[in-house]
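Source file: protein.txt. Holds: compact mmCIF, C-alpha atoms.
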```txt
# COMPACT_ATOMS: atom_id res chain seq x y z
CA MET A 285 -4.67 12.11 15.90
CA SER A 286 -4.12 9.68 13.06
CA PHE A 287 -2.48 10.04 9.65
CA GLY A 288 -3.17 8.40 6.30
CA LEU A 289 -0.57 8.07 3.55
CA LEU A 290 -2.02 4.96 1.86
CA GLY A 291 -4.25 7.00 -0.44
CA PRO A 292 -4.74 10.77 -0.44
CA ILE A 293 -2.86 12.41 2.46
CA LYS A 294 -5.33 12.64 5.33
CA VAL A 295 -5.28 13.77 8.97
CA TRP A 296 -7.96 12.92 11.52
CA ARG A 297 -8.50 14.25 15.02
CA GLY A 298 -11.02 12.40 17.16
CA GLY A 299 -12.29 10.58 14.07
CA LYS A 300 -12.97 13.81 12.17
CA GLU A 301 -10.89 14.88 9.19
CA VAL A 302 -8.65 17.92 9.65
CA GLU A 303 -7.75 20.12 6.68
CA ALA A 304 -4.10 19.39 5.89
CA GLY A 305 -3.58 22.20 3.36
CA ALA A 306 -2.34 22.43 -0.22
CA PRO A 307 -0.62 19.50 -1.96
CA GLN A 308 2.92 20.69 -1.21
CA GLN A 309 2.04 21.20 2.45
CA ARG A 310 0.68 17.66 2.51
CA GLY A 311 3.94 16.60 0.89
CA VAL A 312 5.91 18.10 3.78
CA LEU A 313 3.69 16.24 6.23
CA ALA A 314 4.17 12.97 4.35
CA LEU A 315 7.96 13.40 4.32
CA LEU A 316 8.06 14.04 8.06
CA LEU A 317 5.80 11.07 8.78
CA LEU A 318 7.96 8.81 6.61
CA GLY A 319 10.95 9.95 8.65
CA GLU A 320 9.47 8.02 11.62
CA GLY A 321 10.83 10.47 14.19
CA ARG A 322 14.23 11.09 12.61
CA GLN A 323 15.48 14.48 11.50
CA VAL A 324 14.52 15.29 7.91
CA ALA A 325 16.88 17.89 6.45
CA LEU A 326 15.43 21.04 4.94
CA ASP A 327 17.33 20.36 1.71
CA GLU A 328 15.82 16.86 1.61
CA ILE A 329 12.31 18.28 1.90
CA VAL A 330 12.96 20.90 -0.79
CA GLY A 331 14.45 18.31 -3.14
CA ALA A 332 11.50 15.95 -2.72
CA LEU A 333 8.93 18.70 -3.32
CA TRP A 334 10.52 20.49 -6.26
CA GLY A 335 13.21 18.19 -7.67
CA SER A 336 15.78 19.87 -9.89
CA GLU A 337 13.52 22.85 -10.64
CA THR A 338 13.73 24.45 -7.21
CA PRO A 339 12.45 28.05 -7.10
CA ARG A 340 14.26 30.69 -5.05
CA SER A 341 11.32 30.81 -2.68
CA ALA A 342 11.44 27.07 -1.90
CA ILE A 343 13.05 27.34 1.54
CA VAL A 344 10.76 30.18 2.63
CA SER A 345 7.72 28.25 1.33
CA THR A 346 8.80 25.09 3.13
CA ARG A 347 9.17 26.92 6.43
CA ALA A 348 5.72 28.42 5.93
CA TYR A 349 4.26 24.94 5.34
CA VAL A 350 5.91 23.69 8.54
CA SER A 351 4.49 26.63 10.48
CA ARG A 352 0.98 25.90 9.20
CA LEU A 353 1.36 22.20 9.98
CA ARG A 354 2.40 23.05 13.53
CA ARG A 355 -0.77 25.10 13.99
CA MET A 356 -2.84 22.29 12.50
CA LEU A 357 -1.30 19.68 14.80
CA THR A 358 -1.77 21.80 17.92
CA GLY A 359 -5.36 22.76 17.10
CA GLY A 360 -4.47 26.31 16.10
CA ASP A 361 -2.20 27.20 19.02
CA ALA A 362 1.23 27.33 17.39
CA ASP A 363 2.89 28.23 20.71
CA GLY A 364 1.06 25.62 22.75
CA PRO A 365 2.68 22.49 24.16
CA GLY A 366 3.20 19.44 21.99
CA GLY A 367 0.35 16.97 22.03
CA GLU A 368 -0.14 13.71 20.19
CA ALA A 369 2.00 14.99 17.31
CA GLU A 370 4.67 17.67 17.38
CA ILE A 371 7.07 19.10 14.79
CA ARG A 372 10.42 20.08 16.28
CA SER A 373 13.28 21.95 14.67
CA ALA A 374 16.29 19.65 14.59
CA GLY A 375 19.67 20.64 13.22
CA GLY A 376 19.14 21.79 9.67
CA GLY A 377 15.66 20.36 9.38
CA TYR A 378 12.64 19.05 11.26
CA GLN A 379 11.38 15.95 13.02
CA LEU A 380 7.78 14.93 13.63
CA LEU A 381 7.18 13.12 16.90
CA VAL A 382 4.08 10.96 16.76
CA ASP A 383 2.85 7.58 17.98
CA PRO A 384 3.86 5.08 15.25
CA GLY A 385 0.46 3.44 15.66
CA ALA A 386 -1.17 6.61 14.38
CA VAL A 387 0.43 6.36 10.92
CA ASP A 388 -1.14 3.89 8.49
CA VAL A 389 2.11 3.14 6.62
CA THR A 390 3.82 2.12 9.86
CA VAL A 391 0.83 0.04 10.97
CA PHE A 392 0.72 -1.66 7.55
CA ARG A 393 4.39 -2.61 7.67
CA GLN A 394 4.19 -3.84 11.27
CA ALA A 395 1.09 -5.92 10.53
CA THR A 396 2.60 -7.57 7.44
CA ALA A 397 5.79 -8.36 9.37
CA ALA A 398 3.70 -9.88 12.18
CA ALA A 399 1.72 -11.88 9.62
CA ARG A 400 4.91 -13.27 8.13
CA GLU A 401 6.11 -14.34 11.57
CA ALA A 402 2.74 -15.93 12.36
CA ARG A 403 2.77 -17.86 9.08
CA GLU A 404 6.32 -19.12 9.68
CA GLN A 405 5.21 -20.36 13.13
CA GLY A 406 2.22 -22.20 11.68
CA ARG A 407 -0.45 -19.75 12.86
CA ALA A 408 -2.16 -19.41 9.47
CA ALA A 409 -5.49 -18.03 10.74
CA GLU A 410 -3.74 -15.25 12.64
CA ALA A 411 -1.55 -14.46 9.63
CA SER A 412 -4.61 -14.21 7.40
CA ARG A 413 -6.38 -11.91 9.89
CA LEU A 414 -3.34 -9.64 10.14
CA LEU A 415 -3.02 -9.41 6.36
CA ARG A 416 -6.69 -8.55 5.90
CA GLY A 417 -6.38 -5.78 8.47
CA ALA A 418 -3.21 -4.44 6.86
CA LEU A 419 -4.70 -4.39 3.36
CA ALA A 420 -7.88 -2.70 4.61
CA LEU A 421 -5.78 0.38 5.46
CA TRP A 422 -5.35 1.20 1.78
CA ARG A 423 -7.72 3.87 0.42
CA GLY A 424 -6.11 4.21 -3.03
CA PRO A 425 -2.60 4.72 -4.45
CA ALA A 426 -0.11 5.72 -1.76
CA PHE A 427 0.52 9.50 -1.59
CA ASP A 428 -2.28 10.03 -4.07
CA GLY A 429 -2.08 13.58 -5.41
CA LEU A 430 1.68 13.98 -4.83
CA GLY A 431 4.09 13.83 -7.77
CA GLY A 432 7.84 13.87 -8.23
CA ALA A 433 10.56 11.24 -8.26
CA PHE A 434 10.70 10.85 -4.47
CA PHE A 435 7.04 10.09 -4.01
CA GLU A 436 6.89 7.95 -7.16
CA GLY A 437 9.74 5.83 -5.77
CA ARG A 438 8.12 5.42 -2.36
CA ARG A 439 4.76 4.71 -4.00
CA THR A 440 6.31 1.91 -6.08
CA TRP A 441 7.97 0.43 -3.00
CA LEU A 442 4.75 0.42 -1.01
CA GLU A 443 2.74 -0.99 -3.91
CA GLN A 444 5.22 -3.87 -4.09
CA LEU A 445 4.71 -4.53 -0.38
CA ARG A 446 0.95 -4.38 -0.92
CA ALA A 447 1.15 -6.83 -3.83
CA SER A 448 3.20 -9.26 -1.76
CA ALA A 449 0.70 -9.04 1.10
CA MET A 450 -2.21 -9.74 -1.25
CA GLU A 451 -0.42 -12.73 -2.78
CA GLU A 452 0.30 -14.11 0.69
CA ARG A 453 -3.33 -13.66 1.76
CA TRP A 454 -4.53 -15.53 -1.32
CA ALA A 455 -1.98 -18.31 -0.76
CA LEU A 456 -3.14 -18.76 2.84
CA ALA A 457 -6.79 -18.90 1.75
CA ILE A 458 -6.06 -21.46 -0.96
CA LYS A 459 -3.99 -23.60 1.39
CA ARG A 460 -6.89 -23.94 3.83
CA GLY A 461 -9.30 -24.71 0.97
CA ASP A 462 -11.16 -21.38 0.97
CA CYS A 463 -10.88 -21.03 -2.80
CA GLY A 464 -14.07 -19.30 -3.98
CA GLU A 465 -13.16 -15.76 -2.96
CA ALA A 466 -9.56 -16.26 -4.04
CA ILE A 467 -10.61 -17.44 -7.51
CA ALA A 468 -12.91 -14.45 -7.99
CA GLU A 469 -10.28 -11.95 -6.86
CA LEU A 470 -7.44 -13.58 -8.79
CA THR A 471 -9.53 -13.63 -11.97
CA LEU A 472 -9.88 -9.86 -11.68
CA ALA A 473 -6.22 -9.44 -10.71
CA THR A 474 -4.90 -11.38 -13.72
CA ALA A 475 -7.07 -9.27 -16.01
CA ALA A 476 -5.68 -6.08 -14.46
CA GLU A 477 -2.03 -7.24 -14.48
CA PRO A 478 -1.80 -9.95 -17.14
CA TYR A 479 2.00 -10.29 -17.08
CA ARG A 480 2.35 -10.98 -13.33
CA GLU A 481 2.96 -14.70 -13.51
CA ARG A 482 2.58 -15.26 -9.77
CA LEU A 483 -1.09 -14.26 -10.03
CA TRP A 484 -1.73 -16.88 -12.72
CA GLU A 485 0.14 -19.47 -10.66
CA LEU A 486 -2.10 -18.75 -7.66
CA LEU A 487 -5.21 -18.88 -9.83
CA MET A 488 -4.20 -22.30 -11.17
CA TRP A 489 -3.58 -23.55 -7.64
CA ALA A 490 -6.94 -22.24 -6.41
CA LEU A 491 -8.83 -23.84 -9.30
CA ASP A 492 -7.06 -27.15 -8.75
CA ARG A 493 -7.76 -27.07 -4.99
CA ASP A 494 -11.41 -26.38 -5.85
CA GLY A 495 -11.52 -29.56 -7.96
CA ARG A 496 -11.43 -27.68 -11.27
CA TRP A 497 -8.15 -29.03 -12.62
CA GLU A 498 -9.27 -28.83 -16.25
CA GLU A 499 -9.84 -25.09 -15.85
CA ALA A 500 -6.47 -24.79 -14.12
CA LEU A 501 -4.71 -26.38 -17.09
CA SER A 502 -6.70 -24.15 -19.44
CA VAL A 503 -5.46 -21.12 -17.50
CA TYR A 504 -1.88 -22.28 -18.09
CA ARG A 505 -2.46 -22.55 -21.83
CA ARG A 506 -3.96 -19.06 -21.82
CA ILE A 507 -1.05 -17.37 -20.02
CA ALA A 508 1.52 -19.35 -22.04
CA ARG A 509 -0.08 -18.12 -25.25
CA LEU A 510 -0.27 -14.55 -23.94
CA LEU A 511 3.39 -14.49 -22.94
CA ASP A 512 4.46 -15.94 -26.27
CA ASP A 513 2.28 -13.68 -28.43
CA ASP A 514 2.94 -10.43 -26.56
CA LEU A 515 6.45 -10.81 -25.17
CA GLY A 516 8.02 -13.77 -26.97
CA LEU A 517 8.58 -15.49 -23.61
CA ASP A 518 7.89 -18.91 -22.14
CA PRO A 519 6.19 -19.29 -18.74
CA GLY A 520 8.58 -18.99 -15.80
CA PRO A 521 9.62 -21.83 -13.49
CA GLY A 522 6.80 -21.25 -10.98
CA LEU A 523 4.10 -21.60 -13.60
CA ARG A 524 5.81 -24.59 -15.19
CA ARG A 525 6.06 -26.39 -11.84
CA MET A 526 2.40 -25.71 -11.08
CA HIS A 527 1.40 -26.98 -14.53
CA ALA A 528 3.49 -30.14 -14.15
CA ARG A 529 2.09 -30.89 -10.70
CA ILE A 530 -1.55 -30.39 -11.70
CA GLY A 531 -1.03 -32.31 -14.94
CA ALA A 532 0.60 -35.26 -13.14
CA ALA A 533 -2.20 -35.40 -10.55
CA ALA A 534 -4.84 -35.21 -13.28
CA ASN A 535 -3.24 -38.07 -15.24
CA ALA A 536 -2.98 -40.18 -12.11
CA SER A 537 -6.69 -39.66 -11.36
CA LEU A 538 -7.61 -40.86 -14.85
CA VAL A 539 -5.70 -44.12 -14.57
```
Just give me the structure of the file as C-alpha cells.
Amino acid sequence: MSFGLLGPIKVWRGGKEVEAGAPQQRGVLALLLLGEGRQVALDEIVGALWGSETPRSAIVSTRAYVSRLRRMLTGGDADGPGGEAEIRSAGGGYQLLVDPGAVDVTVFRQATAAAREAREQGRAAEASRLLRGALALWRGPAFDGLGGAFFEGRRTWLEQLRASAMEERWALAIKRGDCGEAIAELTLATAAEPYRERLWELLMWALDRDGRWEEALSVYRRIARLLDDDLGLDPGPGLRRMHARIGAAANASLV
C-alpha cells in the first residue's frame, strides 16, 4: 500500500486507489500517518478534527473512523492479521505501523535531506535529481480538503519545505548554466508570488548567467519599484548584492 498526503488524501493498493472515506476519516488517517509510528492520543485526534467546537459524539465518531480505516487497510477483514499497514491501539490513542517509504510526506522529506547532503558534498547532479523526484510527489496543496488549525499549520510548514526545495533546484540549474527552464519557471513564480524576493534574485541570476544582464538589471528595477509602491520597502540585502554584482560585471565588460 502507499499513502498520499501531498494533495488530496489518497490510498493505493497495488497501484489502484482505495476509497479512504469521508473527509474526517481521511483526517484521522493523515494524523496517524504524520505520527510516523508513534502513539497519537485520542484527544489529539479529536482536537485536530474539531478544534474548540468538539461535539459530544466526537470520541465515538473517531473510534468509528478508526474501525473503518482498519477494515480498509486489511482489505475488509477487520480481524485479520496486520499487513503492510496496521492500526494498533496504544495507551489512550492509536499508532499506525507502515513502511515509511509508503508515505509521500516521509519520502519527500528524506529526499530533500539527501539532496542537501549531496549538494554539500559537491554532487550537484545527484542533488538535482533527488529534488526533481521529491517535488514530483506533490499533487496539489498538502492535505487538500482538510481544514482546521492543525492541518493549516502542517500545510504551511510543508509548503515552506516545498518552496525551499524548488529554490534549491533552480539554483542548481542556474549554477550549471541550464538557465532556460529556470527563467521560464521563475518568471511564472514571481508573477504568482511577487513579494518573495528570493525568486526575483534567482531570476536575475539566471538571466545574467544566460548573457541577458540588461534584462537582469531591468528585473531589479521592476521589483524595487513594486516593493516601494506597494509596501514602502527597499529591496533586501540578497537582491541588492545580486544587483551590485551584475552591475559591476556589466560596467567592466563595457570598459
*Please indicate the distance in Å from CA of Leu313 in chain A to CA of Ser336 in chain A, rounded to one decimal place.*
20.5 Å
*For each of A:Leu333, A:Leu316, A:Leu381, A:Val350, take the minimum atom-to-atom distance to Gly431 in chain A, counting all atoms listed in the file, then give the residue where this is smallest.*
A:Leu333
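Residue nearest Ile458 in chain A within the list A:Gln444, A:Gln394, A:Thr338, A:Ser412: A:Ser412 [criterion: smallest interatomic distance, all atoms listed in the file].
Closest to Glu499 in chain A among A:Ala304, A:Met526, A:Leu487, A:Cys463 is A:Leu487, based on only C-alpha atoms.
Using only C-alpha atoms, the smallest distance between any of A:Ser537, A:Thr396, A:Ser351, A:Thr390 and Gln309 in chain A comes from A:Ser351.
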*Got a sec to check which residues sit within 10 Å of (-5.2, 21.0, 3.4), counting all atoms listed in the file, and write them as a list of chain:residue names?*
A:Ile293, A:Lys294, A:Val295, A:Val302, A:Glu303, A:Ala304, A:Gly305, A:Ala306, A:Pro307, A:Gln308, A:Gln309, A:Arg310, A:Arg352, A:Leu353, A:Met356
_Residue contacts of range 504-513 of chain A (12 Å, only C-alpha atoms) excluding same-chain residues fewer than 3 positions away, as a PyMOL selection string_ = chain A and resi 474-475+477-489+491-492+497-501+516-520+522-528+530-531
Kindly export the residues of the current selection with C-alpha atoms, as a short mmCIF file (atom, residue, chain, number, x, y, z; two decimals), in the coordinates of the input.
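This is the output file selection.cif:
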```cif
data_model
loop_
_atom_site.label_atom_id
_atom_site.label_comp_id
_atom_site.auth_asym_id
_atom_site.auth_seq_id
_atom_site.Cartn_x
_atom_site.Cartn_y
_atom_site.Cartn_z
CA THR A 474 -4.90 -11.38 -13.72
CA ALA A 475 -7.07 -9.27 -16.01
CA GLU A 477 -2.03 -7.24 -14.48
CA PRO A 478 -1.80 -9.95 -17.14
CA TYR A 479 2.00 -10.29 -17.08
CA ARG A 480 2.35 -10.98 -13.33
CA GLU A 481 2.96 -14.70 -13.51
CA ARG A 482 2.58 -15.26 -9.77
CA LEU A 483 -1.09 -14.26 -10.03
CA TRP A 484 -1.73 -16.88 -12.72
CA GLU A 485 0.14 -19.47 -10.66
CA LEU A 486 -2.10 -18.75 -7.66
CA LEU A 487 -5.21 -18.88 -9.83
CA MET A 488 -4.20 -22.30 -11.17
CA TRP A 489 -3.58 -23.55 -7.64
CA LEU A 491 -8.83 -23.84 -9.30
CA ASP A 492 -7.06 -27.15 -8.75
CA TRP A 497 -8.15 -29.03 -12.62
CA GLU A 498 -9.27 -28.83 -16.25
CA GLU A 499 -9.84 -25.09 -15.85
CA ALA A 500 -6.47 -24.79 -14.12
CA LEU A 501 -4.71 -26.38 -17.09
CA GLY A 516 8.02 -13.77 -26.97
CA LEU A 517 8.58 -15.49 -23.61
CA ASP A 518 7.89 -18.91 -22.14
CA PRO A 519 6.19 -19.29 -18.74
CA GLY A 520 8.58 -18.99 -15.80
CA GLY A 522 6.80 -21.25 -10.98
CA LEU A 523 4.10 -21.60 -13.60
CA ARG A 524 5.81 -24.59 -15.19
CA ARG A 525 6.06 -26.39 -11.84
CA MET A 526 2.40 -25.71 -11.08
CA HIS A 527 1.40 -26.98 -14.53
CA ALA A 528 3.49 -30.14 -14.15
CA ILE A 530 -1.55 -30.39 -11.70
CA GLY A 531 -1.03 -32.31 -14.94
#
```
*Which polymer residues have any atom within 10 Å of an atom of range 327-331 of chain A, counting all atoms listed in the file, with same-chain residues fewer than 6 positions away left out, as a VMD selection string?*
chain A and resid 311 to 313 315 to 316 337 to 339 342 to 343 345 to 346 376 to 378 432 to 434
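For the residues A:Arg438, A:Arg322, A:Arg347, A:Arg297, ranking by smallest atom-to-atom distance to Leu380 in chain A using only C-alpha atoms places A:Arg322 first.
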*Determine, counting only C-alpha atoms, which protein, DNA and RNA residues have an atom within 7 Å of an atom of range 384-389 of chain A; residues of the same chain fewer than 3 positions away are not included. Present the result as a PyMOL selection string.*
chain A and resi 285-290+392-393+421
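If you look at CA of Ala536 in chain A and CA of Glu451 in chain A, they are 29.1 Å away from each other.
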*Separation of CA of Ala408 in chain A and CA of Ala468 in chain A, in Å?*
21.1 Å
Would you mind completing range 470-485 of chain A so that it carries N, CA and C atoms, and writing it out as an mmCIF file, in the coordinates of the input?
```
data_model
loop_
_atom_site.group_PDB
_atom_site.id
_atom_site.type_symbol
_atom_site.label_atom_id
_atom_site.label_comp_id
_atom_site.auth_asym_id
_atom_site.auth_seq_id
_atom_site.Cartn_x
_atom_site.Cartn_y
_atom_site.Cartn_z
ATOM 1 N N LEU A 470 -8.576 -13.339 -7.909
ATOM 2 C CA LEU A 470 -7.440 -13.580 -8.790
ATOM 3 C C LEU A 470 -7.836 -13.466 -10.259
ATOM 4 N N THR A 471 -9.061 -13.809 -10.591
ATOM 5 C CA THR A 471 -9.530 -13.630 -11.970
ATOM 6 C C THR A 471 -9.497 -12.158 -12.351
ATOM 7 N N LEU A 472 -9.936 -11.298 -11.435
ATOM 8 C CA LEU A 472 -9.880 -9.860 -11.680
ATOM 9 C C LEU A 472 -8.433 -9.366 -11.707
ATOM 10 N N ALA A 473 -7.606 -9.899 -10.808
ATOM 11 C CA ALA A 473 -6.220 -9.440 -10.710
ATOM 12 C C ALA A 473 -5.421 -9.799 -11.968
ATOM 13 N N THR A 474 -5.630 -10.997 -12.513
ATOM 14 C CA THR A 474 -4.900 -11.380 -13.720
ATOM 15 C C THR A 474 -5.348 -10.556 -14.926
ATOM 16 N N ALA A 475 -6.602 -10.139 -14.936
ATOM 17 C CA ALA A 475 -7.070 -9.270 -16.010
ATOM 18 C C ALA A 475 -6.443 -7.889 -15.914
ATOM 19 N N ALA A 476 -6.255 -7.412 -14.675
ATOM 20 C CA ALA A 476 -5.680 -6.080 -14.460
ATOM 21 C C ALA A 476 -4.174 -6.068 -14.695
ATOM 22 N N GLU A 477 -3.488 -7.158 -14.329
ATOM 23 C CA GLU A 477 -2.030 -7.240 -14.480
ATOM 24 C C GLU A 477 -1.681 -8.570 -15.158
ATOM 25 N N PRO A 478 -1.898 -8.657 -16.461
ATOM 26 C CA PRO A 478 -1.800 -9.950 -17.140
ATOM 27 C C PRO A 478 -0.391 -10.530 -17.237
ATOM 28 N N TYR A 479 0.640 -9.754 -16.958
ATOM 29 C CA TYR A 479 2.000 -10.290 -17.080
ATOM 30 C C TYR A 479 2.626 -10.656 -15.732
ATOM 31 N N ARG A 480 1.851 -10.550 -14.639
ATOM 32 C CA ARG A 480 2.350 -10.980 -13.330
ATOM 33 C C ARG A 480 2.092 -12.473 -13.182
ATOM 34 N N GLU A 481 3.115 -13.250 -13.442
ATOM 35 C CA GLU A 481 2.960 -14.700 -13.510
ATOM 36 C C GLU A 481 2.530 -15.306 -12.180
ATOM 37 N N ARG A 482 2.944 -14.707 -11.077
ATOM 38 C CA ARG A 482 2.580 -15.260 -9.770
ATOM 39 C C ARG A 482 1.066 -15.281 -9.587
ATOM 40 N N LEU A 483 0.362 -14.290 -10.140
ATOM 41 C CA LEU A 483 -1.090 -14.260 -10.030
ATOM 42 C C LEU A 483 -1.719 -15.433 -10.764
ATOM 43 N N TRP A 484 -1.212 -15.743 -11.945
ATOM 44 C CA TRP A 484 -1.730 -16.880 -12.720
ATOM 45 C C TRP A 484 -1.417 -18.201 -12.018
ATOM 46 N N GLU A 485 -0.235 -18.265 -11.401
ATOM 47 C CA GLU A 485 0.140 -19.470 -10.660
ATOM 48 C C GLU A 485 -0.826 -19.704 -9.495
#
```
